[in-house]
file input_39.cif (mmCIF, C-alpha atoms)
data_input
loop_
_atom_site.label_atom_id
_atom_site.label_comp_id
_atom_site.auth_asym_id
_atom_site.auth_seq_id
_atom_site.Cartn_x
_atom_site.Cartn_y
_atom_site.Cartn_z
CA MET A 1 -16.12 186.43 10.04
CA ILE A 2 -18.58 189.17 9.22
CA PHE A 3 -22.18 188.27 10.15
CA SER A 4 -24.95 190.20 8.38
CA GLU A 5 -28.58 189.68 9.33
CA THR A 6 -31.03 188.77 6.58
CA PRO A 7 -34.65 189.91 6.57
CA LEU A 8 -35.49 186.51 8.14
CA ARG A 9 -34.67 186.34 11.86
CA GLY A 10 -32.30 183.44 12.54
CA ALA A 11 -30.65 183.46 9.11
CA TYR A 12 -27.37 185.23 8.36
CA ILE A 13 -25.07 185.98 5.46
CA ILE A 14 -21.51 185.31 6.59
CA ASP A 15 -18.51 186.71 4.76
CA PRO A 16 -15.01 185.51 5.56
CA GLU A 17 -12.79 188.23 6.97
CA ARG A 18 -9.61 187.91 4.95
CA VAL A 19 -6.10 188.38 6.27
CA GLU A 20 -4.08 188.92 3.10
CA ASP A 21 -0.38 188.84 2.31
CA SER A 22 1.86 188.01 -0.65
CA ARG A 23 0.82 184.33 -0.54
CA GLY A 24 -2.91 185.05 -0.82
CA PHE A 25 -5.22 185.15 2.19
CA PHE A 26 -6.39 183.24 5.23
CA ALA A 27 -9.95 183.40 6.54
CA ARG A 28 -11.91 181.57 9.21
CA THR A 29 -15.23 180.04 8.07
CA TRP A 30 -16.34 178.39 11.31
CA SER A 31 -15.97 179.19 15.00
CA GLN A 32 -18.23 177.49 17.51
CA ASP A 33 -17.73 180.39 19.93
CA GLU A 34 -18.68 183.08 17.39
CA TYR A 35 -21.86 181.25 16.39
CA ALA A 36 -22.86 180.52 19.99
CA ALA A 37 -22.26 184.16 20.98
CA ARG A 38 -24.97 185.15 18.48
CA GLY A 39 -27.38 182.51 19.75
CA LEU A 40 -26.93 180.38 16.62
CA THR A 41 -26.79 176.60 16.63
CA ALA A 42 -23.09 175.86 16.98
CA ARG A 43 -23.30 172.08 16.73
CA VAL A 44 -21.98 170.38 13.59
CA VAL A 45 -22.47 166.61 13.34
CA GLN A 46 -22.41 166.07 9.60
CA CYS A 47 -20.92 167.68 6.49
CA SER A 48 -22.15 167.03 2.96
CA ILE A 49 -21.51 168.18 -0.59
CA SER A 50 -23.85 168.48 -3.54
CA PHE A 51 -22.18 168.46 -6.96
CA ASN A 52 -24.33 169.59 -9.87
CA LYS A 53 -23.26 169.06 -13.47
CA VAL A 54 -25.62 171.41 -15.29
CA LYS A 55 -26.48 175.10 -15.01
CA GLY A 56 -30.11 175.54 -13.98
CA THR A 57 -30.23 172.46 -11.72
CA LEU A 58 -32.71 173.09 -8.93
CA ARG A 59 -32.56 171.28 -5.58
CA GLY A 60 -35.08 171.83 -2.82
CA LEU A 61 -36.78 173.18 -0.95
CA HIS A 62 -35.83 170.69 1.81
CA TYR A 63 -36.03 170.49 5.59
CA GLN A 64 -36.28 167.97 8.43
CA THR A 65 -39.14 167.80 10.94
CA GLY A 66 -39.61 167.26 14.67
CA SER A 67 -36.59 166.51 16.83
CA HIS A 68 -34.47 166.32 13.65
CA ARG A 69 -34.91 169.99 12.68
CA GLU A 70 -31.53 171.16 11.48
CA ALA A 71 -29.45 174.27 11.10
CA LYS A 72 -27.06 174.47 8.14
CA LEU A 73 -24.09 176.54 7.13
CA VAL A 74 -24.11 176.55 3.31
CA ARG A 75 -21.35 177.66 0.96
CA CYS A 76 -20.60 177.25 -2.72
CA THR A 77 -17.13 175.76 -3.26
CA MET A 78 -17.25 175.53 -7.09
CA GLY A 79 -19.23 177.62 -9.53
CA ALA A 80 -22.21 179.69 -8.34
CA VAL A 81 -25.74 179.14 -7.03
CA TYR A 82 -28.82 181.15 -6.19
CA ASP A 83 -29.54 180.00 -2.62
CA VAL A 84 -33.05 180.33 -1.15
CA ILE A 85 -34.45 179.87 2.34
CA VAL A 86 -38.12 179.94 3.37
CA ASP A 87 -39.24 180.63 6.94
CA LEU A 88 -41.59 177.80 7.98
CA ARG A 89 -41.75 178.75 11.67
CA ALA A 90 -45.44 179.45 12.33
CA GLU A 91 -44.60 181.71 15.30
CA SER A 92 -42.19 183.87 13.29
CA PRO A 93 -43.14 187.36 12.04
CA THR A 94 -41.59 186.37 8.69
CA TYR A 95 -43.52 183.10 8.40
CA ARG A 96 -43.72 181.98 4.74
CA HIS A 97 -41.34 184.74 3.62
CA HIS A 98 -38.26 183.82 1.63
CA PHE A 99 -34.79 185.21 1.08
CA GLY A 100 -32.41 184.51 -1.78
CA VAL A 101 -28.72 185.26 -2.26
CA VAL A 102 -26.04 184.37 -4.80
CA LEU A 103 -23.25 182.24 -3.33
CA SER A 104 -20.15 181.63 -5.40
CA ALA A 105 -16.73 180.04 -5.12
CA GLN A 106 -15.30 183.42 -6.03
CA ASP A 107 -16.87 185.48 -3.20
CA ARG A 108 -16.82 182.61 -0.62
CA ARG A 109 -19.96 184.03 1.00
CA MET A 110 -21.96 181.65 3.21
CA VAL A 111 -25.52 181.54 4.49
CA PHE A 112 -26.50 180.29 7.93
CA VAL A 113 -29.91 178.60 7.75
CA GLY A 114 -31.51 178.27 11.18
CA GLU A 115 -33.81 175.51 12.34
CA GLY A 116 -37.31 175.76 10.89
CA PHE A 117 -36.32 176.98 7.43
CA ALA A 118 -36.69 175.15 4.14
CA HIS A 119 -33.60 175.40 1.94
CA GLY A 120 -32.88 175.02 -1.76
CA PHE A 121 -30.72 176.37 -4.54
CA GLN A 122 -30.41 176.68 -8.30
CA THR A 123 -27.05 176.41 -10.06
CA LEU A 124 -25.95 179.43 -12.07
CA GLU A 125 -22.96 177.68 -13.67
CA ASP A 126 -22.15 174.17 -14.88
CA GLY A 127 -20.09 172.19 -12.37
CA SER A 128 -21.35 173.95 -9.23
CA GLU A 129 -20.76 172.38 -5.82
CA VAL A 130 -22.34 173.24 -2.47
CA PHE A 131 -20.82 172.35 0.92
CA TYR A 132 -23.01 171.97 4.01
CA GLN A 133 -22.17 171.87 7.72
CA ILE A 134 -25.26 170.44 9.42
CA SER A 135 -26.40 170.34 13.06
CA GLN A 136 -28.39 167.07 12.84
CA PHE A 137 -27.81 163.69 11.27
CA TYR A 138 -29.86 162.98 8.16
CA ALA A 139 -33.05 161.15 9.15
CA PRO A 140 -34.95 159.98 6.03
CA GLU A 141 -38.20 159.52 7.96
CA HIS A 142 -38.07 163.23 8.94
CA ALA A 143 -36.91 164.54 5.53
CA THR A 144 -39.49 166.47 3.56
CA GLY A 145 -39.88 169.62 1.55
CA VAL A 146 -42.03 172.24 -0.05
CA ARG A 147 -42.39 172.77 -3.78
CA TRP A 148 -39.92 175.11 -5.47
CA ASN A 149 -42.68 177.07 -7.28
CA ASP A 150 -45.43 177.01 -4.64
CA PRO A 151 -47.45 180.25 -4.92
CA ALA A 152 -47.54 180.45 -1.10
CA PHE A 153 -43.91 181.65 -1.25
CA GLY A 154 -43.68 183.54 -4.56
CA ILE A 155 -40.04 182.73 -5.25
CA THR A 156 -38.64 184.04 -8.52
CA TRP A 157 -35.82 181.74 -9.60
CA PRO A 158 -33.21 183.23 -11.95
CA LEU A 159 -33.45 180.45 -14.57
CA ARG A 160 -35.96 177.94 -15.84
CA PRO A 161 -35.04 174.66 -14.09
CA SER A 162 -33.03 172.36 -16.37
CA VAL A 163 -32.66 169.41 -13.97
CA MET A 164 -34.75 168.52 -10.91
CA SER A 165 -35.60 165.34 -9.03
CA ASP A 166 -39.07 163.84 -9.32
CA ARG A 167 -39.38 164.13 -5.54
CA ASP A 168 -38.73 167.90 -5.61
CA ARG A 169 -41.25 168.40 -8.44
CA ALA A 170 -43.92 166.39 -6.63
CA TYR A 171 -44.10 168.15 -3.26
CA PRO A 172 -47.72 169.25 -2.70
CA ASP A 173 -48.89 172.83 -2.13
CA PHE A 174 -47.87 174.14 1.26
CA VAL A 175 -50.62 173.91 3.86
CA PRO A 176 -49.99 175.96 7.01
#

call {"tool": "encode", "arguments": {"input": "input_39.cif", "output": "structure tokens"}}
result
Amino acid sequence: MIFSETPLRGAYIIDPERVEDSRGFFARTWSQDEYAARGLTARVVQCSISFNKVKGTLRGLHYQTGSHREAKLVRCTMGAVYDVIVDLRAESPTYRHHFGVVLSAQDRRMVFVGEGFAHGFQTLEDGSEVFYQISQFYAPEHATGVRWNDPAFGITWPLRPSVMSDRDRAYPDFVP
């Protein structure tokens, strides 16, 4: 795996390192040892998928609080998405900064989202699916989010949202 730092400390772009032959290729997407060697959360307790029917669907920006803060490894297994993370760690030099990257089934690129980040994405194609490996169990009482278009973050999404949950639309302005 090829780990590339993002502008936000604790978040990485990860590209599979392909071993190719006449059959196609083989590539590792997870190694507890490689993550731990970089000081990244190497615990995975839950995996989830998000299937999205329509291009322009926007999900997020979500995170869990307190002892349920989670790290995620995110990859697009069908279609393509614009994936965004926001640094909500008050002690971080990149506090309230965001980073976005296109993830697609074709490039198989992944993003490692450390604890203390909000995460969301917008689909760039119909029928897009996102696969998550998550370090904490989902705890609804600790699940929250920040609004996708909050001026505190200044995120420019590639498309006007076509589908979004009422919950995601209703998050209040971020208050540090």

call {"tool": "atom_distance", "arguments": {"input": "input_39.cif", "atom1": "atom CA of A:Trp30", "atom2": "atom CA of A:Asp87"}}
result
23.4 Å

call {"tool": "closest_atom_pairs", "arguments": {"input": "input_39.cif", "of": "stretch 62-100 of chain A", "to": "stretch 109-121 of chain A", "cutoff": "6 Å", "atoms": "all atoms listed in the file", "output": "CSV"}}
result
residue,atom,partner,partner_atom,distance
A:His62,CA,A:Ala118,CA,5.1
A:Tyr63,CA,A:Ala118,CA,4.9
A:Arg69,CA,A:Glu115,CA,5.6
A:Glu70,CA,A:Glu115,CA,5.0
A:Ala71,CA,A:Gly114,CA,4.5
A:Lys72,CA,A:Val113,CA,5.0
A:Leu73,CA,A:Phe112,CA,4.5
A:Val74,CA,A:Val111,CA,5.3
A:Arg75,CA,A:Met110,CA,4.6
A:Tyr82,CA,A:Phe121,CA,5.4
A:Asp83,CA,A:Phe121,CA,4.3
A:Val84,CA,A:Gly120,CA,5.3
A:Ile85,CA,A:His119,CA,4.6
A:Val86,CA,A:Ala118,CA,5.1
A:Asp87,CA,A:Phe117,CA,4.7
A:Leu88,CA,A:Phe117,CA,5.4
A:Arg89,CA,A:Gly116,CA,5.4

call {"tool": "write_last_selection", "arguments": {"input": "input_39.cif", "atoms": "C-alpha atoms", "output": "tab-separated table (two decimals), in the frame of the given file"}}
result
chain	number	residue	atom	x	y	z
A	62	HIS	CA	-35.83	170.69	1.81
A	63	TYR	CA	-36.03	170.49	5.59
A	69	ARG	CA	-34.91	169.99	12.68
A	70	GLU	CA	-31.53	171.16	11.48
A	71	ALA	CA	-29.45	174.27	11.10
A	72	LYS	CA	-27.06	174.47	8.14
A	73	LEU	CA	-24.09	176.54	7.13
A	74	VAL	CA	-24.11	176.55	3.31
A	75	ARG	CA	-21.35	177.66	0.96
A	82	TYR	CA	-28.82	181.15	-6.19
A	83	ASP	CA	-29.54	180.00	-2.62
A	84	VAL	CA	-33.05	180.33	-1.15
A	85	ILE	CA	-34.45	179.87	2.34
A	86	VAL	CA	-38.12	179.94	3.37
A	87	ASP	CA	-39.24	180.63	6.94
A	88	LEU	CA	-41.59	177.80	7.98
A	89	ARG	CA	-41.75	178.75	11.67

call {"tool": "closest_residue", "arguments": {"input": "input_39.cif", "among": "A:Gly39, A:Gly24, A:Gly10, A:Gly100", "to": "A:Pro158", "atoms": "all atoms listed in the file"}}
result
A:Gly100

call {"tool": "resolve_selection", "arguments": {"input": "input_39.cif", "expression": "the PyMOL selection byres ((chain A and resi 126-129) around 10)", "output": "JSON, numbers by chain"}}
result
{"A": [49, 50, 51, 52, 53, 54, 55, 56, 57, 75, 76, 77, 78, 79, 80, 81, 104, 105, 122, 123, 124, 125, 130, 131]}

call {"tool": "resolve_selection", "arguments": {"input": "input_39.cif", "expression": "the PyMOL selection byres ((chain A and resi 150-152) around 9)", "output": "mmCIF file with C-alpha atoms, in the coordinates of the input"}}
result
data_model
loop_
_atom_site.group_PDB
_atom_site.id
_atom_site.type_symbol
_atom_site.label_atom_id
_atom_site.label_comp_id
_atom_site.auth_asym_id
_atom_site.auth_seq_id
_atom_site.Cartn_x
_atom_site.Cartn_y
_atom_site.Cartn_z
ATOM 1 C CA ARG A 96 -43.720 181.980 4.740
ATOM 2 C CA HIS A 97 -41.340 184.740 3.620
ATOM 3 C CA VAL A 146 -42.030 172.240 -0.050
ATOM 4 C CA ARG A 147 -42.390 172.770 -3.780
ATOM 5 C CA TRP A 148 -39.920 175.110 -5.470
ATOM 6 C CA ASN A 149 -42.680 177.070 -7.280
ATOM 7 C CA PHE A 153 -43.910 181.650 -1.250
ATOM 8 C CA GLY A 154 -43.680 183.540 -4.560
ATOM 9 C CA ILE A 155 -40.040 182.730 -5.250
ATOM 10 C CA PRO A 172 -47.720 169.250 -2.700
ATOM 11 C CA ASP A 173 -48.890 172.830 -2.130
ATOM 12 C CA PHE A 174 -47.870 174.140 1.260
ATOM 13 C CA VAL A 175 -50.620 173.910 3.860
#

call {"tool": "residues_around", "arguments": {"input": "input_39.cif", "residues": "A:Ser31", "least_positions_apart": "6", "cutoff": "12 Å", "atoms": "only C-alpha atoms", "output": "ChimeraX atom specification"}}
result
/A:1-2,14,16,37-38,40-44,73

call {"tool": "write_last_selection", "arguments": {"input": "input_39.cif", "atoms": "C-alpha atoms", "output": "CSV table (one decimal), in the coordinates of the input"}}
result
chain,number,residue,atom,x,y,z
A,1,MET,CA,-16.1,186.4,10.0
A,2,ILE,CA,-18.6,189.2,9.2
A,14,ILE,CA,-21.5,185.3,6.6
A,16,PRO,CA,-15.0,185.5,5.6
A,37,ALA,CA,-22.3,184.2,21.0
A,38,ARG,CA,-25.0,185.2,18.5
A,40,LEU,CA,-26.9,180.4,16.6
A,41,THR,CA,-26.8,176.6,16.6
A,42,ALA,CA,-23.1,175.9,17.0
A,43,ARG,CA,-23.3,172.1,16.7
A,44,VAL,CA,-22.0,170.4,13.6
A,73,LEU,CA,-24.1,176.5,7.1

call {"tool": "closest_residue", "arguments": {"input": "input_39.cif", "among": "A:Leu61, A:Val19, A:Ala11, A:Val163", "to": "A:Gly145", "atoms": "all atoms listed in the file"}}
result
A:Leu61

call {"tool": "atom_distance", "arguments": {"input": "input_39.cif", "atom1": "atom CA of A:Phe3", "atom2": "atom CA of A:Phe99"}}
result
15.8 Å

call {"tool": "atom_distance", "arguments": {"input": "input_39.cif", "atom1": "atom CA of A:Phe137", "atom2": "atom CA of A:Ala170"}}
result
24.2 Å

call {"tool": "closest_residue", "arguments": {"input": "input_39.cif", "among": "A:Pro140, A:Gly60, A:Asp107, A:His98", "to": "A:Asp166", "atoms": "all atoms listed in the file"}}
result
A:Gly60

call {"tool": "closest_residue", "arguments": {"input": "input_39.cif", "among": "A:Thr29, A:Gln133, A:Ser92, A:Ser67", "to": "A:Glu17", "atoms": "all atoms listed in the file"}}
result
A:Thr29

call {"tool": "axis_aligned_box", "arguments": {"input": "input_39.cif", "around": "stretch 3-21 of chain A", "padding_each_side": "6 Å", "output": "AutoDock Vina command-line options"}}
result
--center_x -17.9 --center_y 186.8 --center_z 7.4 --size_x 47.1 --size_y 18.8 --size_z 22.2

call {"tool": "resolve_selection", "arguments": {"input": "input_39.cif", "expression": "the PyMOL selection byres ((chain A and resi 138) around 10)", "output": "list in words"}}
result
Val45, Gln46, Gln64, His68, Arg69, Glu70, Ile134, Ser135, Gln136, Phe137, Ala139, Pro140, Glu141, His142 and Ala143 of chain A

call {"tool": "decode", "arguments": {"input": "input_39.cif", "residues": "stretch 35-80 of chain A", "atoms": "N, CA and C atoms", "output": "PDB file, in the first residue's frame"}}
result
ATOM      1  N   TYR A  35      -0.652  -0.055   9.265  1.00  0.00           N
ATOM      2  CA  TYR A  35      -1.350   1.084   9.854  1.00  0.00           C
ATOM      3  C   TYR A  35      -0.740   1.437  11.208  1.00  0.00           C
ATOM      4  N   ALA A  36      -0.533   0.440  12.049  1.00  0.00           N
ATOM      5  CA  ALA A  36       0.029   0.667  13.384  1.00  0.00           C
ATOM      6  C   ALA A  36       1.429   1.275  13.295  1.00  0.00           C
ATOM      7  N   ALA A  37       2.221   0.867  12.316  1.00  0.00           N
ATOM      8  CA  ALA A  37       3.575   1.401  12.155  1.00  0.00           C
ATOM      9  C   ALA A  37       3.569   2.901  11.870  1.00  0.00           C
ATOM     10  N   ARG A  38       2.470   3.410  11.343  1.00  0.00           N
ATOM     11  CA  ARG A  38       2.336   4.850  11.058  1.00  0.00           C
ATOM     12  C   ARG A  38       1.584   5.582  12.167  1.00  0.00           C
ATOM     13  N   GLY A  39       1.290   4.870  13.243  1.00  0.00           N
ATOM     14  CA  GLY A  39       0.579   5.480  14.356  1.00  0.00           C
ATOM     15  C   GLY A  39      -0.909   5.660  14.102  1.00  0.00           C
ATOM     16  N   LEU A  40      -1.454   4.947  13.118  1.00  0.00           N
ATOM     17  CA  LEU A  40      -2.867   5.050  12.773  1.00  0.00           C
ATOM     18  C   LEU A  40      -3.669   3.991  13.523  1.00  0.00           C
ATOM     19  N   THR A  41      -4.898   4.297  13.824  1.00  0.00           N
ATOM     20  CA  THR A  41      -5.777   3.339  14.476  1.00  0.00           C
ATOM     21  C   THR A  41      -5.879   2.096  13.601  1.00  0.00           C
ATOM     22  N   ALA A  42      -5.475   0.963  14.152  1.00  0.00           N
ATOM     23  CA  ALA A  42      -5.439  -0.278  13.374  1.00  0.00           C
ATOM     24  C   ALA A  42      -6.518  -1.258  13.816  1.00  0.00           C
ATOM     25  N   ARG A  43      -7.481  -0.769  14.551  1.00  0.00           N
ATOM     26  CA  ARG A  43      -8.576  -1.610  15.042  1.00  0.00           C
ATOM     27  C   ARG A  43      -9.760  -1.484  14.080  1.00  0.00           C
ATOM     28  N   VAL A  44     -10.307  -2.608  13.663  1.00  0.00           N
ATOM     29  CA  VAL A  44     -11.521  -2.620  12.845  1.00  0.00           C
ATOM     30  C   VAL A  44     -12.525  -3.517  13.551  1.00  0.00           C
ATOM     31  N   VAL A  45     -13.676  -2.929  13.937  1.00  0.00           N
ATOM     32  CA  VAL A  45     -14.706  -3.702  14.633  1.00  0.00           C
ATOM     33  C   VAL A  45     -16.000  -3.793  13.833  1.00  0.00           C
ATOM     34  N   GLN A  46     -16.101  -2.989  12.792  1.00  0.00           N
ATOM     35  CA  GLN A  46     -17.346  -2.970  12.028  1.00  0.00           C
ATOM     36  C   GLN A  46     -17.039  -2.552  10.598  1.00  0.00           C
ATOM     37  N   CYS A  47     -17.729  -3.152   9.646  1.00  0.00           N
ATOM     38  CA  CYS A  47     -17.659  -2.746   8.245  1.00  0.00           C
ATOM     39  C   CYS A  47     -19.069  -2.442   7.772  1.00  0.00           C
ATOM     40  N   SER A  48     -19.191  -1.420   6.936  1.00  0.00           N
ATOM     41  CA  SER A  48     -20.502  -1.000   6.449  1.00  0.00           C
ATOM     42  C   SER A  48     -20.396  -0.592   4.987  1.00  0.00           C
ATOM     43  N   ILE A  49     -21.537  -0.623   4.296  1.00  0.00           N
ATOM     44  CA  ILE A  49     -21.599  -0.103   2.932  1.00  0.00           C
ATOM     45  C   ILE A  49     -22.723   0.916   2.846  1.00  0.00           C
ATOM     46  N   SER A  50     -22.549   1.837   1.939  1.00  0.00           N
ATOM     47  CA  SER A  50     -23.572   2.841   1.644  1.00  0.00           C
ATOM     48  C   SER A  50     -23.796   2.808   0.136  1.00  0.00           C
ATOM     49  N   PHE A  51     -24.963   2.327  -0.282  1.00  0.00           N
ATOM     50  CA  PHE A  51     -25.311   2.318  -1.698  1.00  0.00           C
ATOM     51  C   PHE A  51     -26.181   3.530  -1.988  1.00  0.00           C
ATOM     52  N   ASN A  52     -25.900   4.193  -3.087  1.00  0.00           N
ATOM     53  CA  ASN A  52     -26.569   5.441  -3.437  1.00  0.00           C
ATOM     54  C   ASN A  52     -27.041   5.363  -4.884  1.00  0.00           C
ATOM     55  N   LYS A  53     -28.338   5.455  -5.085  1.00  0.00           N
ATOM     56  CA  LYS A  53     -28.929   5.263  -6.403  1.00  0.00           C
ATOM     57  C   LYS A  53     -28.610   6.381  -7.384  1.00  0.00           C
ATOM     58  N   VAL A  54     -28.603   7.639  -6.885  1.00  0.00           N
ATOM     59  CA  VAL A  54     -28.629   8.789  -7.784  1.00  0.00           C
ATOM     60  C   VAL A  54     -27.364   9.651  -7.676  1.00  0.00           C
ATOM     61  N   LYS A  55     -26.854  10.049  -8.817  1.00  0.00           N
ATOM     62  CA  LYS A  55     -25.753  11.008  -8.894  1.00  0.00           C
ATOM     63  C   LYS A  55     -26.149  12.285  -8.167  1.00  0.00           C
ATOM     64  N   GLY A  56     -25.228  12.829  -7.373  1.00  0.00           N
ATOM     65  CA  GLY A  56     -25.488  14.060  -6.636  1.00  0.00           C
ATOM     66  C   GLY A  56     -25.950  13.830  -5.213  1.00  0.00           C
ATOM     67  N   THR A  57     -26.173  12.561  -4.834  1.00  0.00           N
ATOM     68  CA  THR A  57     -26.565  12.257  -3.450  1.00  0.00           C
ATOM     69  C   THR A  57     -25.462  12.726  -2.515  1.00  0.00           C
ATOM     70  N   LEU A  58     -25.855  13.419  -1.458  1.00  0.00           N
ATOM     71  CA  LEU A  58     -24.882  13.917  -0.486  1.00  0.00           C
ATOM     72  C   LEU A  58     -25.187  13.299   0.881  1.00  0.00           C
ATOM     73  N   ARG A  59     -24.164  12.703   1.482  1.00  0.00           N
ATOM     74  CA  ARG A  59     -24.269  12.114   2.819  1.00  0.00           C
ATOM     75  C   ARG A  59     -23.211  12.753   3.705  1.00  0.00           C
ATOM     76  N   GLY A  60     -23.644  13.239   4.862  1.00  0.00           N
ATOM     77  CA  GLY A  60     -22.680  13.785   5.806  1.00  0.00           C
ATOM     78  C   GLY A  60     -22.944  15.248   6.076  1.00  0.00           C
ATOM     79  N   LEU A  61     -22.139  15.740   6.866  1.00  0.00           N
ATOM     80  CA  LEU A  61     -20.837  15.318   7.387  1.00  0.00           C
ATOM     81  C   LEU A  61     -21.037  14.712   8.787  1.00  0.00           C
ATOM     82  N   HIS A  62     -20.657  13.458   8.980  1.00  0.00           N
ATOM     83  CA  HIS A  62     -20.953  12.701  10.188  1.00  0.00           C
ATOM     84  C   HIS A  62     -19.707  12.416  11.017  1.00  0.00           C
ATOM     85  N   TYR A  63     -19.937  12.242  12.326  1.00  0.00           N
ATOM     86  CA  TYR A  63     -18.892  11.773  13.232  1.00  0.00           C
ATOM     87  C   TYR A  63     -19.537  11.292  14.522  1.00  0.00           C
ATOM     88  N   GLN A  64     -18.749  10.603  15.352  1.00  0.00           N
ATOM     89  CA  GLN A  64     -19.212  10.162  16.667  1.00  0.00           C
ATOM     90  C   GLN A  64     -18.394  10.874  17.732  1.00  0.00           C
ATOM     91  N   THR A  65     -19.003  11.097  18.890  1.00  0.00           N
ATOM     92  CA  THR A  65     -18.394  11.886  19.954  1.00  0.00           C
ATOM     93  C   THR A  65     -17.889  11.012  21.102  1.00  0.00           C
ATOM     94  N   GLY A  66     -17.121  11.664  21.987  1.00  0.00           N
ATOM     95  CA  GLY A  66     -16.677  11.056  23.244  1.00  0.00           C
ATOM     96  C   GLY A  66     -15.869   9.792  23.048  1.00  0.00           C
ATOM     97  N   SER A  67     -16.154   8.805  23.878  1.00  0.00           N
ATOM     98  CA  SER A  67     -15.404   7.543  23.831  1.00  0.00           C
ATOM     99  C   SER A  67     -15.734   6.724  22.585  1.00  0.00           C
ATOM    100  N   HIS A  68     -16.663   7.193  21.767  1.00  0.00           N
ATOM    101  CA  HIS A  68     -17.042   6.487  20.541  1.00  0.00           C
ATOM    102  C   HIS A  68     -16.468   7.146  19.282  1.00  0.00           C
ATOM    103  N   ARG A  69     -15.508   8.086  19.480  1.00  0.00           N
ATOM    104  CA  ARG A  69     -14.841   8.666  18.301  1.00  0.00           C
ATOM    105  C   ARG A  69     -14.280   7.525  17.465  1.00  0.00           C
ATOM    106  N   GLU A  70     -14.381   7.662  16.163  1.00  0.00           N
ATOM    107  CA  GLU A  70     -13.998   6.551  15.296  1.00  0.00           C
ATOM    108  C   GLU A  70     -13.028   6.979  14.209  1.00  0.00           C
ATOM    109  N   ALA A  71     -12.220   6.024  13.803  1.00  0.00           N
ATOM    110  CA  ALA A  71     -11.404   6.158  12.599  1.00  0.00           C
ATOM    111  C   ALA A  71     -12.072   5.302  11.532  1.00  0.00           C
ATOM    112  N   LYS A  72     -11.918   5.706  10.268  1.00  0.00           N
ATOM    113  CA  LYS A  72     -12.547   4.975   9.168  1.00  0.00           C
ATOM    114  C   LYS A  72     -11.563   4.846   8.017  1.00  0.00           C
ATOM    115  N   LEU A  73     -11.615   3.713   7.370  1.00  0.00           N
ATOM    116  CA  LEU A  73     -10.978   3.545   6.073  1.00  0.00           C
ATOM    117  C   LEU A  73     -12.120   3.488   5.065  1.00  0.00           C
ATOM    118  N   VAL A  74     -12.113   4.418   4.105  1.00  0.00           N
ATOM    119  CA  VAL A  74     -13.241   4.599   3.192  1.00  0.00           C
ATOM    120  C   VAL A  74     -12.771   4.329   1.770  1.00  0.00           C
ATOM    121  N   ARG A  75     -13.573   3.535   1.043  1.00  0.00           N
ATOM    122  CA  ARG A  75     -13.254   3.314  -0.372  1.00  0.00           C
ATOM    123  C   ARG A  75     -14.527   3.154  -1.170  1.00  0.00           C
ATOM    124  N   CYS A  76     -14.488   3.571  -2.406  1.00  0.00           N
ATOM    125  CA  CYS A  76     -15.626   3.491  -3.313  1.00  0.00           C
ATOM    126  C   CYS A  76     -15.504   2.191  -4.101  1.00  0.00           C
ATOM    127  N   THR A  77     -16.505   1.305  -3.978  1.00  0.00           N
ATOM    128  CA  THR A  77     -16.447  -0.003  -4.626  1.00  0.00           C
ATOM    129  C   THR A  77     -17.273  -0.064  -5.915  1.00  0.00           C
ATOM    130  N   MET A  78     -18.162   0.906  -6.114  1.00  0.00           N
ATOM    131  CA  MET A  78     -18.929   1.041  -7.360  1.00  0.00           C
ATOM    132  C   MET A  78     -19.098   2.525  -7.639  1.00  0.00           C
ATOM    133  N   GLY A  79     -18.919   2.916  -8.905  1.00  0.00           N
ATOM    134  CA  GLY A  79     -19.133   4.304  -9.263  1.00  0.00           C
ATOM    135  C   GLY A  79     -18.001   5.213  -8.816  1.00  0.00           C
ATOM    136  N   ALA A  80     -18.368   6.434  -8.368  1.00  0.00           N
ATOM    137  CA  ALA A  80     -17.378   7.428  -7.947  1.00  0.00           C
ATOM    138  C   ALA A  80     -18.028   8.410  -6.993  1.00  0.00           C
TER     139      ALA A  80
END
